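Text of protein-v3.csv (CSV, C-alpha atoms (C1' of nucleotides)) as supplied:
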chain,number,residue,atom,x,y,z
A,3,MET,CA,92.3,65.5,99.8
A,4,MET,CA,96.0,65.8,100.3
A,5,GLU,CA,96.1,63.0,97.7
A,6,VAL,CA,94.6,65.4,95.2
A,7,LEU,CA,97.3,67.9,95.9
A,8,ARG,CA,100.0,65.3,95.6
A,9,ALA,CA,98.5,64.2,92.3
A,10,GLU,CA,98.1,67.7,90.9
A,11,LEU,CA,101.7,68.5,91.8
A,12,HIS,CA,103.0,65.3,90.3
A,13,GLU,CA,101.0,66.0,87.1
A,14,LYS,CA,102.9,69.3,86.8
A,15,ASP,CA,106.2,67.9,87.9
A,16,LEU,CA,106.3,70.0,91.0
A,17,PRO,CA,107.6,68.7,94.3
A,18,PHE,CA,105.3,67.9,97.1
A,19,THR,CA,107.0,69.6,100.0
A,20,HIS,CA,106.4,69.7,103.7
A,21,GLN,CA,105.5,73.4,103.4
A,22,ARG,CA,103.0,72.8,100.7
A,23,GLU,CA,101.4,70.0,102.7
A,24,ALA,CA,101.3,72.0,105.9
A,25,ILE,CA,99.7,75.1,104.3
A,26,ALA,CA,97.1,73.1,102.4
A,27,GLN,CA,96.4,71.2,105.6
A,28,VAL,CA,95.7,74.4,107.5
A,29,LEU,CA,93.5,75.8,104.8
A,30,PHE,CA,91.7,72.4,104.5
A,31,GLU,CA,91.0,72.2,108.2
A,32,SER,CA,89.5,75.7,108.4
A,33,THR,CA,86.0,76.5,107.4
A,34,ARG,CA,86.8,80.2,107.4
A,35,HIS,CA,88.5,82.3,104.7
A,36,LEU,CA,92.0,82.7,105.9
A,37,SER,CA,94.5,85.5,105.1
A,38,ALA,CA,98.1,84.8,104.4
A,39,ASP,CA,98.8,86.0,108.0
A,40,ASP,CA,96.1,83.8,109.4
A,41,VAL,CA,97.8,80.8,107.8
A,42,ALA,CA,101.3,81.8,109.0
A,43,ASP,CA,99.9,82.3,112.6
A,44,GLU,CA,98.2,78.9,112.6
A,45,LEU,CA,101.4,77.3,111.4
A,46,ARG,CA,103.3,79.0,114.1
A,47,ARG,CA,100.8,77.7,116.6
A,48,ARG,CA,101.6,74.3,115.3
A,49,GLN,CA,105.3,74.8,115.8
A,50,GLN,CA,105.9,74.8,112.0
A,51,HIS,CA,107.4,78.1,111.1
A,52,ILE,CA,107.2,78.7,107.4
A,53,GLY,CA,108.5,81.9,105.7
A,54,LYS,CA,105.8,84.3,104.5
A,55,ALA,CA,107.2,84.3,101.0
A,56,THR,CA,106.4,80.6,100.9
A,57,VAL,CA,103.0,81.1,102.3
A,58,TYR,CA,102.2,83.6,99.6
A,59,ARG,CA,103.7,81.5,96.9
A,60,THR,CA,101.9,78.4,98.0
A,61,LEU,CA,98.5,80.1,98.3
A,62,ALA,CA,98.9,81.4,94.8
A,63,LEU,CA,99.9,78.0,93.6
A,64,LEU,CA,96.8,76.4,95.2
A,65,VAL,CA,94.7,78.9,93.4
A,66,GLU,CA,96.5,78.2,90.2
A,67,LEU,CA,95.8,74.5,90.6
A,68,GLY,CA,92.2,75.2,91.2
A,69,LEU,CA,92.4,73.7,94.7
A,70,ALA,CA,91.7,77.0,96.5
A,71,THR,CA,89.9,80.2,95.8
A,72,GLU,CA,91.1,83.8,96.4
A,73,HIS,CA,88.7,86.4,97.9
A,74,ASP,CA,89.0,90.1,98.4
A,75,PHE,CA,86.5,91.4,101.0
A,76,ASP,CA,87.8,94.9,100.8
A,77,GLU,CA,90.0,94.6,103.9
A,78,GLY,CA,93.2,95.5,102.2
A,79,PHE,CA,94.4,91.9,101.8
A,80,LYS,CA,93.3,88.7,100.3
A,81,ARG,CA,91.7,85.7,101.9
A,82,TYR,CA,91.9,82.1,100.7
A,83,GLN,CA,89.8,78.9,101.1
A,84,MET,CA,90.1,75.4,99.9
A,85,GLN,CA,87.8,74.6,97.0
A,86,MET,CA,87.4,70.9,97.0
A,87,GLY,CA,85.6,70.4,93.8
A,88,ALA,CA,82.7,72.2,95.4
A,89,ALA,CA,80.5,74.3,93.2
A,90,HIS,CA,81.4,78.0,92.8
A,91,HIS,CA,79.7,80.0,95.4
A,92,ASP,CA,79.4,83.7,96.1
A,93,HIS,CA,79.3,85.9,99.2
A,94,LEU,CA,77.4,88.3,101.3
A,95,ILE,CA,79.7,90.4,103.5
A,96,CYS,CA,78.7,92.3,106.6
A,97,THR,CA,80.6,95.6,106.6
A,98,ALA,CA,80.0,96.0,110.3
A,99,CYS,CA,81.0,92.6,111.9
A,100,GLY,CA,82.9,91.1,108.9
A,101,LYS,CA,80.6,88.0,108.8
A,102,VAL,CA,80.7,86.2,105.5
A,103,VAL,CA,77.8,84.1,104.2
A,104,ARG,CA,78.0,81.9,101.2
A,105,PHE,CA,75.2,81.5,98.7
A,106,ARG,CA,74.6,79.9,95.4
A,107,HIS,CA,71.9,80.6,92.9
A,108,GLU,CA,71.6,78.5,89.8
A,109,GLU,CA,69.9,81.2,87.9
A,110,LEU,CA,73.0,83.5,88.3
A,111,GLU,CA,75.2,80.9,86.7
A,112,ARG,CA,73.1,80.8,83.6
A,113,ILE,CA,72.8,84.6,83.4
A,114,LEU,CA,76.4,85.3,83.8
A,115,ALA,CA,77.4,82.6,81.2
A,116,GLU,CA,75.0,84.3,78.9
A,117,VAL,CA,76.4,87.8,79.5
A,118,ALA,CA,80.0,86.6,78.8
A,119,GLU,CA,78.8,84.8,75.7
A,120,VAL,CA,77.0,87.9,74.3
A,121,SER,CA,80.1,90.1,75.0
A,122,GLY,CA,82.5,87.7,73.2
A,123,PHE,CA,84.3,86.9,76.5
A,124,GLU,CA,85.4,83.5,77.5
A,125,ALA,CA,85.0,83.5,81.3
A,126,ILE,CA,87.7,82.2,83.5
A,127,THR,CA,86.3,83.0,86.8
A,128,ARG,CA,83.9,85.4,88.4
A,129,GLN,CA,83.0,87.0,91.7
A,130,ILE,CA,79.8,88.3,93.1
A,131,LYS,CA,79.9,90.2,96.4
A,132,ILE,CA,77.0,91.8,98.2
A,133,PHE,CA,78.2,94.2,100.9
A,134,GLY,CA,75.7,95.1,103.5
A,135,THR,CA,74.7,94.7,107.2
A,136,CYS,CA,73.7,91.4,108.6
A,137,GLY,CA,71.9,92.9,111.6
A,138,GLU,CA,73.1,90.1,114.0
A,139,GLN,CA,75.2,92.2,116.3
A,140,GLU,CA,74.8,95.6,117.9
A,141,ALA,CA,77.4,97.1,115.6
A,142,CYS,CA,75.6,95.8,112.5
A,143,ARG,CA,72.3,97.3,113.5
A,144,GLU,CA,73.9,100.6,114.3
A,145,MET,CA,75.6,100.7,111.0
A,146,ARG,CA,72.3,99.8,109.4
A,147,GLN,CA,70.6,102.8,111.1
A,148,ALA,CA,73.4,105.1,110.0
A,149,TYR,CA,72.9,104.1,106.4
A,150,ARG,CA,69.2,104.5,106.5
A,151,SER,CA,69.3,108.0,107.9
A,152,ASN,CA,71.9,109.0,105.3
B,27,MET,CA,76.9,118.1,88.0
B,28,MET,CA,79.4,120.2,89.9
B,29,GLU,CA,76.3,121.7,91.5
B,30,VAL,CA,75.4,118.3,92.9
B,31,LEU,CA,78.7,118.0,94.5
B,32,ARG,CA,78.5,121.5,95.9
B,33,ALA,CA,75.0,120.7,97.3
B,34,GLU,CA,76.1,117.5,98.8
B,35,LEU,CA,79.1,119.1,100.5
B,36,HIS,CA,77.0,122.0,101.8
B,37,GLU,CA,74.5,119.5,103.1
B,38,LYS,CA,77.2,117.9,105.2
B,39,ASP,CA,78.8,121.2,106.1
B,40,LEU,CA,82.0,120.4,104.3
B,41,PRO,CA,83.8,123.1,102.3
B,42,PHE,CA,83.7,123.1,98.5
B,43,THR,CA,87.4,123.4,97.8
B,44,HIS,CA,89.3,124.0,94.5
B,45,GLN,CA,90.9,120.6,94.9
B,46,ARG,CA,87.6,118.8,95.3
B,47,GLU,CA,86.2,120.6,92.3
B,48,ALA,CA,89.2,119.8,90.2
B,49,ILE,CA,89.3,116.1,91.1
B,50,ALA,CA,85.6,115.7,90.5
B,51,GLN,CA,86.0,117.5,87.2
B,52,VAL,CA,88.7,115.1,86.0
B,53,LEU,CA,86.7,112.1,87.0
B,54,PHE,CA,83.6,113.6,85.5
B,55,GLU,CA,85.2,114.2,82.1
B,56,SER,CA,86.6,110.7,81.8
B,57,THR,CA,84.6,107.8,80.5
B,58,ARG,CA,87.3,105.4,81.8
B,59,HIS,CA,87.8,104.1,85.3
B,60,LEU,CA,90.7,106.1,86.7
B,61,SER,CA,93.2,105.2,89.3
B,62,ALA,CA,94.3,107.7,91.9
B,63,ASP,CA,97.5,108.1,89.9
B,64,ASP,CA,95.6,108.6,86.7
B,65,VAL,CA,93.8,111.4,88.4
B,66,ALA,CA,97.0,113.0,89.7
B,67,ASP,CA,98.6,112.7,86.3
B,68,GLU,CA,95.7,114.4,84.6
B,69,LEU,CA,95.7,117.2,87.1
B,70,ARG,CA,99.4,117.7,86.6
B,71,ARG,CA,98.8,117.9,82.8
B,72,ARG,CA,96.3,120.7,83.6
B,73,GLN,CA,98.9,122.5,85.7
B,74,GLN,CA,97.0,121.9,88.9
B,75,HIS,CA,99.2,120.0,91.2
B,76,ILE,CA,97.3,118.4,94.0
B,77,GLY,CA,98.9,116.3,96.7
B,78,LYS,CA,98.3,112.6,96.5
B,79,ALA,CA,96.9,112.5,100.0
B,80,THR,CA,94.2,114.9,98.9
B,81,VAL,CA,93.5,112.9,95.8
B,82,TYR,CA,93.0,109.7,97.8
B,83,ARG,CA,90.9,111.6,100.4
B,84,THR,CA,88.7,113.2,97.8
B,85,LEU,CA,88.1,110.0,95.9
B,86,ALA,CA,87.1,108.3,99.1
B,87,LEU,CA,84.8,111.2,99.9
B,88,LEU,CA,83.2,111.1,96.5
B,89,VAL,CA,82.5,107.4,97.0
B,90,GLU,CA,81.0,108.2,100.5
B,91,LEU,CA,78.8,110.8,99.0
B,92,GLY,CA,77.6,108.3,96.4
B,93,LEU,CA,78.9,110.4,93.6
B,94,ALA,CA,81.6,108.0,92.5
B,95,THR,CA,82.1,104.2,92.5
B,96,GLU,CA,85.2,102.3,93.5
B,97,HIS,CA,86.4,99.3,91.5
B,98,ASP,CA,89.1,96.7,92.0
B,99,PHE,CA,90.1,94.9,88.9
B,100,ASP,CA,92.8,92.9,90.6
B,101,GLU,CA,95.6,95.2,89.4
B,102,GLY,CA,96.9,96.0,92.8
B,103,PHE,CA,95.1,99.3,93.1
B,104,LYS,CA,91.7,100.8,93.0
B,105,ARG,CA,89.9,102.6,90.1
B,106,TYR,CA,87.2,105.2,90.4
B,107,GLN,CA,84.4,106.5,88.2
B,108,MET,CA,81.7,109.1,88.5
B,109,GLN,CA,78.3,107.6,89.2
B,110,MET,CA,75.9,110.3,88.1
B,111,GLY,CA,72.7,108.7,89.2
B,112,ALA,CA,73.3,106.1,86.6
B,113,ALA,CA,72.1,102.6,87.2
B,114,HIS,CA,74.5,100.3,88.9
B,115,HIS,CA,76.4,98.3,86.3
B,116,ASP,CA,78.8,95.4,86.4
B,117,HIS,CA,82.0,94.4,84.6
B,118,LEU,CA,83.7,91.9,82.4
B,119,ILE,CA,87.4,92.2,82.7
B,120,CYS,CA,89.9,90.8,80.2
B,121,THR,CA,92.8,89.4,82.1
B,122,ALA,CA,95.0,89.6,79.1
B,123,CYS,CA,94.6,93.2,77.7
B,124,GLY,CA,92.8,94.8,80.7
B,125,LYS,CA,89.8,95.8,78.7
B,126,VAL,CA,86.7,96.5,80.8
B,127,VAL,CA,83.2,96.1,79.5
B,128,ARG,CA,80.2,97.2,81.4
B,129,PHE,CA,77.0,95.3,81.4
B,130,ARG,CA,73.7,95.4,83.2
B,131,HIS,CA,71.1,92.7,83.4
B,132,GLU,CA,67.8,93.5,85.1
B,133,GLU,CA,67.3,89.9,86.2
B,134,LEU,CA,70.5,90.0,88.3
B,135,GLU,CA,69.2,93.0,90.2
B,136,ARG,CA,66.1,91.0,91.2
B,137,ILE,CA,68.0,87.8,92.1
B,138,LEU,CA,70.6,89.6,94.2
B,139,ALA,CA,68.0,91.6,96.1
B,140,GLU,CA,66.2,88.3,96.8
B,141,VAL,CA,69.4,86.6,98.0
B,142,ALA,CA,70.1,89.4,100.4
B,143,GLU,CA,66.6,89.5,101.7
B,144,VAL,CA,66.5,85.7,102.3
B,145,SER,CA,69.8,85.9,104.2
B,146,GLY,CA,68.6,88.8,106.4
B,147,PHE,CA,71.1,91.2,104.9
B,148,GLU,CA,70.4,94.8,104.1
B,149,ALA,CA,72.5,95.4,101.0
B,150,ILE,CA,74.5,98.5,100.7
B,151,THR,CA,76.3,97.8,97.5
B,152,ARG,CA,77.4,94.9,95.4
B,153,GLN,CA,79.8,93.9,92.7
B,154,ILE,CA,79.8,91.4,90.0
B,155,LYS,CA,83.0,90.8,88.1
B,156,ILE,CA,83.6,88.3,85.4
B,157,PHE,CA,87.3,87.7,84.6
B,158,GLY,CA,88.1,86.2,81.3
B,159,THR,CA,89.5,86.8,77.8
B,160,CYS,CA,88.0,89.1,75.3
B,161,GLY,CA,89.8,87.6,72.3
B,162,GLU,CA,90.2,91.0,70.6
B,163,GLN,CA,94.0,91.1,70.7
B,164,GLU,CA,96.8,88.7,70.0
B,165,ALA,CA,97.6,88.4,73.7
B,166,CYS,CA,94.0,87.7,74.6
B,167,ARG,CA,93.7,84.8,72.2
B,168,GLU,CA,97.0,83.4,73.4
B,169,MET,CA,95.9,83.5,76.9
B,170,ARG,CA,92.6,81.9,75.9
B,171,GLN,CA,94.5,79.0,74.3
B,172,ALA,CA,96.7,78.6,77.3
B,173,TYR,CA,93.6,78.2,79.5
B,174,ARG,CA,91.9,75.8,77.2
B,175,SER,CA,94.9,73.5,77.1
B,176,ASN,CA,95.3,73.5,80.8
C,13,DC,C1',87.5,141.7,107.1
C,14,DC,C1',88.0,138.2,110.7
C,15,DC,C1',87.9,134.0,112.9
C,16,DT,C1',87.3,129.3,113.2
C,17,DC,C1',87.9,124.9,111.9
C,18,DA,C1',88.3,121.6,108.3
C,19,DT,C1',91.4,120.9,104.4
C,20,DT,C1',95.7,120.6,102.3
C,21,DG,C1',100.4,118.8,101.2
C,22,DA,C1',105.2,117.2,101.8
C,23,DG,C1',107.1,113.7,103.5
C,24,DA,C1',107.3,109.9,106.5
C,25,DA,C1',104.9,105.7,107.9
C,26,DT,C1',102.3,101.5,107.1
C,27,DG,C1',101.5,97.1,105.3
C,28,DA,C1',100.5,93.5,101.8
C,29,DG,C1',102.9,91.2,98.8
C,30,DG,C1',106.9,90.2,95.6
C,31,DC,C1',111.9,89.6,94.7
C,32,DT,C1',116.8,87.9,95.6
C,33,DC,C1',119.9,84.4,96.1
C,34,DA,C1',122.4,81.2,98.8
C,35,DA,C1',121.2,77.0,101.1
C,36,DC,C1',118.2,73.2,101.1
C,37,DG,C1',115.5,69.0,99.9
C,38,DG,C1',112.2,66.3,96.8
C,39,DA,C1',112.4,62.4,93.8
C,40,DG,C1',113.9,59.9,89.9
C,41,DG,C1',117.9,57.4,88.5
C,42,DT,C1',122.0,54.3,89.8
D,10,DA,C1',120.9,54.0,100.3
D,11,DC,C1',123.4,57.4,97.6
D,12,DC,C1',123.7,61.0,93.9
D,13,DT,C1',122.5,64.6,91.3
D,14,DC,C1',119.6,67.9,89.3
D,15,DC,C1',116.4,71.4,89.8
D,16,DG,C1',112.8,73.6,91.9
D,17,DT,C1',111.8,75.3,96.6
D,18,DT,C1',112.6,77.7,100.7
D,19,DG,C1',113.4,81.7,103.8
D,20,DA,C1',115.5,86.0,105.7
D,21,DG,C1',115.5,90.1,104.6
D,22,DC,C1',115.2,93.7,101.3
D,23,DC,C1',112.2,96.1,98.0
D,24,DT,C1',108.0,98.0,95.9
D,25,DC,C1',104.2,100.4,95.7
D,26,DA,C1',99.3,101.8,97.0
D,27,DT,C1',97.4,104.0,100.5
D,28,DT,C1',97.3,106.4,105.1
D,29,DC,C1',99.2,109.3,108.7
D,30,DT,C1',101.3,113.6,110.6
D,31,DC,C1',101.1,118.2,111.5
D,32,DA,C1',102.1,122.9,110.4
D,33,DA,C1',100.3,126.1,107.0
D,34,DT,C1',96.3,127.4,104.4
D,35,DG,C1',91.7,128.7,102.9
D,36,DA,C1',86.5,128.3,102.8
D,37,DG,C1',82.8,130.8,104.2
D,38,DG,C1',79.7,132.4,107.9
D,39,DG,C1',79.2,136.4,110.9

Whole structure given in structure tokens:
Amino acid sequence: MMEVLRAELHEKDLPFTHQREAIAQVLFESTRHLSADDVADELRRRQQHIGKATVYRTLALLVELGLATEHDFDEGFKRYQMQMGAAHHDHLICTACGKVVRFRHEELERILAEVAEVSGFEAITRQIKIFGTCGEQEACREMRQAYRSN
Amino acid sequence: MMEVLRAELHEKDLPFTHQREAIAQVLFESTRHLSADDVADELRRRQQHIGKATVYRTLALLVELGLATEHDFDEGFKRYQMQMGAAHHDHLICTACGKVVRFRHEELERILAEVAEVSGFEAITRQIKIFGTCGEQEACREMRQAYRSN
DNA sequence: CCCTCATTGAGAATGAGGCTCAACGGAGGT
DNA sequence: ACCTCCGTTGAGCCTCATTCTCAATGAGGG
């Protein structure tokens, strides 16, 4: 996987630095969606301090290269995740506990491609987010009740 | 329409202030998605200066009441639009010229409801955004070419 | 008209993310 | 290995959307 990054960087004549390797590694080893701060924290835990500017720049670069995806779960900051050639997937986000569940529905792919086509758009990327309550924790069920009685 | 706002506020024992009326009015009269700054600017043009804190608070309130919707088109700030009982719609966003096109596809509604159901989620709201190029302007076609040759 | 309590607004605070620029370090050539 | 050339890095500063603070204000019920 790190080979893919090395190759992509070489392709674009960009240097494969320790920082880029470390950041990609952290993202790669996590199954969660990490914020720039999460990444910086994890690097610190590994005794590899990397400036936040570099963290931001590298995350943006990984997205550019198509190796990572950027997500906004309405928390006021972005989250990132490695995208190792995996199919595009979408998310269900619990507004109470923050849990994120991935899903993929073939039918959606077809419909969205059709919508873009009809509108004369050439799609680059897309996002589908369903915000709701997952009901798994106390807080989730409470919020669910609050919404129902609204 | 302003009656709906008045009623909703009364229902929740919240005062119907001049500021709330003016902000809702601006949003109501626009067909575009307005940012908090857009709203403040329009109010200033109408000789009704309202503090930005109030603009932000009121926009959040309108969303809470279900009278407006909040959108993030990846511009670094949020945009708002009145939602007068209209059906939920989704967006195509041109990353070159910023044009936003609305669309609605019944099939999507059904599929997303099904996805939430299967995952045990109770959906509160959802968003679908397709980012791409609309090809209408010079800049859009240029960006389109850039992506193709990437 | 009064009183209460939420709202308002000016300005400061917060926080994600970008910018600056001197020092640094890949990596291809020698 | 060594050199040299650029692109990268990082500490700190800057921006800008959004929120907070708190004293003054005003909605609206009695």

Tell me as an MDAnalysis selection string which residues belonging to chain B come within 10 Å of chain D, counting all atoms listed in the file. chainID B and resid 40:44 62:63 78:79 82:83 102:104

Considering only C-alpha atoms (C1' of nucleotides), state which residue in the set B:Gln45, B:Thr95, B:Gln109, B:Ser56 is at the smallest distance from chain C.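 Checking each candidate against chain C, we get B:Gln45 as the closest.
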
Using only C-alpha atoms, which residue out of A:Arg34, A:Arg150, A:Arg143, A:Arg128 lies closest to chain B?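 Of the candidates, the smallest distance to chain B is held by A:Arg128.
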
Define the interface residues of chain C facing chain B as those within 8 Å, counting all atoms listed in the file, and report them as a compact mmCIF listing (two decimals) with C-alpha atoms (C1' of nucleotides), keeping the file's coordinate frame.
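Writing the result to out.txt gives the following:
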# COMPACT_ATOMS: atom_id res chain seq x y z
C1' DA C 18 88.30 121.60 108.30
C1' DT C 20 95.70 120.60 102.30
C1' DG C 21 100.40 118.80 101.20

Give me, as JSON lines, each residue of chain A that comes within 10 Å of chain B, together with its shortest interatomic pair and the distance in Å at one decimal, counting all atoms listed in the file, with rows ordered by chain and rising residue number.
{"residue": "A:Leu67", "atom": "CA", "partner": "B:Asn176", "partner_atom": "CA", "distance": 9.9}
{"residue": "A:Asp74", "atom": "CA", "partner": "B:Asp100", "partner_atom": "CA", "distance": 9.1}
{"residue": "A:Asp76", "atom": "CA", "partner": "B:Asp98", "partner_atom": "CA", "distance": 9.1}
{"residue": "A:Asp92", "atom": "CA", "partner": "B:Ile154", "partner_atom": "CA", "distance": 9.8}
{"residue": "A:His93", "atom": "CA", "partner": "B:Ala142", "partner_atom": "CA", "distance": 9.9}
{"residue": "A:Leu94", "atom": "CA", "partner": "B:Ala142", "partner_atom": "CA", "distance": 7.4}
{"residue": "A:Ile95", "atom": "CA", "partner": "B:Phe147", "partner_atom": "CA", "distance": 8.7}
{"residue": "A:Cys96", "atom": "CA", "partner": "B:Phe147", "partner_atom": "CA", "distance": 7.9}
{"residue": "A:Thr97", "atom": "CA", "partner": "B:Ile150", "partner_atom": "CA", "distance": 9.0}
{"residue": "A:Val103", "atom": "CA", "partner": "B:Ser145", "partner_atom": "CA", "distance": 8.2}
{"residue": "A:Arg104", "atom": "CA", "partner": "B:Ser145", "partner_atom": "CA", "distance": 9.6}
{"residue": "A:Phe105", "atom": "CA", "partner": "B:Val141", "partner_atom": "CA", "distance": 7.8}
{"residue": "A:Arg106", "atom": "CA", "partner": "B:Val141", "partner_atom": "CA", "distance": 8.9}
{"residue": "A:His107", "atom": "CA", "partner": "B:Ile137", "partner_atom": "CA", "distance": 8.2}
{"residue": "A:Glu109", "atom": "CA", "partner": "B:Ile137", "partner_atom": "CA", "distance": 8.1}
{"residue": "A:Leu110", "atom": "CA", "partner": "B:Leu134", "partner_atom": "CA", "distance": 7.0}
{"residue": "A:Ile113", "atom": "CA", "partner": "B:Leu134", "partner_atom": "CA", "distance": 7.6}
{"residue": "A:Leu114", "atom": "CA", "partner": "B:Ile156", "partner_atom": "CA", "distance": 8.0}
{"residue": "A:Ala115", "atom": "CA", "partner": "B:Ile156", "partner_atom": "CA", "distance": 9.4}
{"residue": "A:Val117", "atom": "CA", "partner": "B:Phe129", "partner_atom": "CA", "distance": 7.8}
{"residue": "A:Ala118", "atom": "CA", "partner": "B:Leu118", "partner_atom": "CA", "distance": 7.4}
{"residue": "A:Ser121", "atom": "CA", "partner": "B:Cys160", "partner_atom": "CA", "distance": 8.0}
{"residue": "A:Gly122", "atom": "CA", "partner": "B:Cys160", "partner_atom": "CA", "distance": 6.1}
{"residue": "A:Phe123", "atom": "CA", "partner": "B:Cys160", "partner_atom": "CA", "distance": 4.5}
{"residue": "A:Glu124", "atom": "CA", "partner": "B:Thr159", "partner_atom": "CA", "distance": 5.3}
{"residue": "A:Ala125", "atom": "CA", "partner": "B:Gly158", "partner_atom": "CA", "distance": 4.1}
{"residue": "A:Ile126", "atom": "CA", "partner": "B:Gly158", "partner_atom": "CA", "distance": 4.6}
{"residue": "A:Thr127", "atom": "CA", "partner": "B:Phe157", "partner_atom": "CA", "distance": 5.3}
{"residue": "A:Arg128", "atom": "CA", "partner": "B:Ile156", "partner_atom": "CA", "distance": 4.2}
{"residue": "A:Gln129", "atom": "CA", "partner": "B:Lys155", "partner_atom": "CA", "distance": 5.2}
{"residue": "A:Ile130", "atom": "CA", "partner": "B:Ile154", "partner_atom": "CA", "distance": 4.4}
{"residue": "A:Lys131", "atom": "CA", "partner": "B:Gln153", "partner_atom": "CA", "distance": 5.2}
{"residue": "A:Ile132", "atom": "CA", "partner": "B:Arg152", "partner_atom": "CA", "distance": 4.2}
{"residue": "A:Phe133", "atom": "CA", "partner": "B:Thr151", "partner_atom": "CA", "distance": 5.3}
{"residue": "A:Gly134", "atom": "CA", "partner": "B:Ala149", "partner_atom": "CA", "distance": 4.1}
{"residue": "A:Thr135", "atom": "CA", "partner": "B:Glu148", "partner_atom": "CA", "distance": 5.3}
{"residue": "A:Cys136", "atom": "CA", "partner": "B:Phe147", "partner_atom": "CA", "distance": 4.5}
{"residue": "A:Gly137", "atom": "CA", "partner": "B:Phe147", "partner_atom": "CA", "distance": 7.0}
{"residue": "A:Glu138", "atom": "CA", "partner": "B:Gly146", "partner_atom": "CA", "distance": 8.9}
{"residue": "A:Cys142", "atom": "CA", "partner": "B:Glu148", "partner_atom": "CA", "distance": 9.9}
{"residue": "A:Arg143", "atom": "CA", "partner": "B:Glu148", "partner_atom": "CA", "distance": 9.9}
{"residue": "A:Arg146", "atom": "CA", "partner": "B:Glu148", "partner_atom": "CA", "distance": 7.5}
{"residue": "A:Tyr149", "atom": "CA", "partner": "B:Ile150", "partner_atom": "CA", "distance": 8.1}
{"residue": "A:Arg150", "atom": "CA", "partner": "B:Ile150", "partner_atom": "CA", "distance": 9.9}
{"residue": "A:Asn152", "atom": "CA", "partner": "B:Leu91", "partner_atom": "CA", "distance": 9.5}

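What separates atom C1' of DA22 of chain C from atom CA of Gln51 of chain B is a distance of 24.1 Å.
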
My structure is short of atoms at segment 122-135 of chain A; please model N, CA and C atoms there, returning them as a short mmCIF file (atom, residue, chain, number, x, y, z; two decimals), keeping the file's coordinate frame.
data_model
loop_
_atom_site.label_atom_id
_atom_site.label_comp_id
_atom_site.auth_asym_id
_atom_site.auth_seq_id
_atom_site.Cartn_x
_atom_site.Cartn_y
_atom_site.Cartn_z
N GLY A 122 81.31 88.28 73.89
CA GLY A 122 82.50 87.70 73.20
C GLY A 122 83.58 87.32 74.20
N PHE A 123 83.27 87.28 75.48
CA PHE A 123 84.30 86.90 76.50
C PHE A 123 84.22 85.41 76.73
N GLU A 124 85.39 84.87 77.06
CA GLU A 124 85.40 83.50 77.50
C GLU A 124 85.76 83.60 78.97
N ALA A 125 84.78 83.33 79.83
CA ALA A 125 85.00 83.50 81.30
C ALA A 125 85.94 82.51 81.87
N ILE A 126 86.78 83.01 82.76
CA ILE A 126 87.70 82.20 83.50
C ILE A 126 87.22 81.98 84.90
N THR A 127 86.86 83.08 85.50
CA THR A 127 86.30 83.00 86.80
C THR A 127 85.44 84.25 87.03
N ARG A 128 84.73 84.27 88.13
CA ARG A 128 83.90 85.40 88.40
C ARG A 128 83.64 85.57 89.86
N GLN A 129 83.21 86.74 90.25
CA GLN A 129 83.00 87.00 91.70
C GLN A 129 81.69 87.80 91.80
N ILE A 130 80.94 87.47 92.79
CA ILE A 130 79.80 88.30 93.10
C ILE A 130 79.87 88.55 94.59
N LYS A 131 79.84 89.81 94.96
CA LYS A 131 79.90 90.20 96.40
C LYS A 131 78.81 91.16 96.70
N ILE A 132 78.09 90.86 97.73
CA ILE A 132 77.00 91.80 98.20
C ILE A 132 77.50 92.29 99.54
N PHE A 133 77.77 93.59 99.62
CA PHE A 133 78.20 94.20 100.90
C PHE A 133 76.95 94.77 101.54
N GLY A 134 76.83 94.56 102.84
CA GLY A 134 75.70 95.10 103.50
C GLY A 134 75.80 94.86 105.02
N THR A 135 74.68 94.92 105.72
CA THR A 135 74.70 94.70 107.20
C THR A 135 73.86 93.45 107.46
#
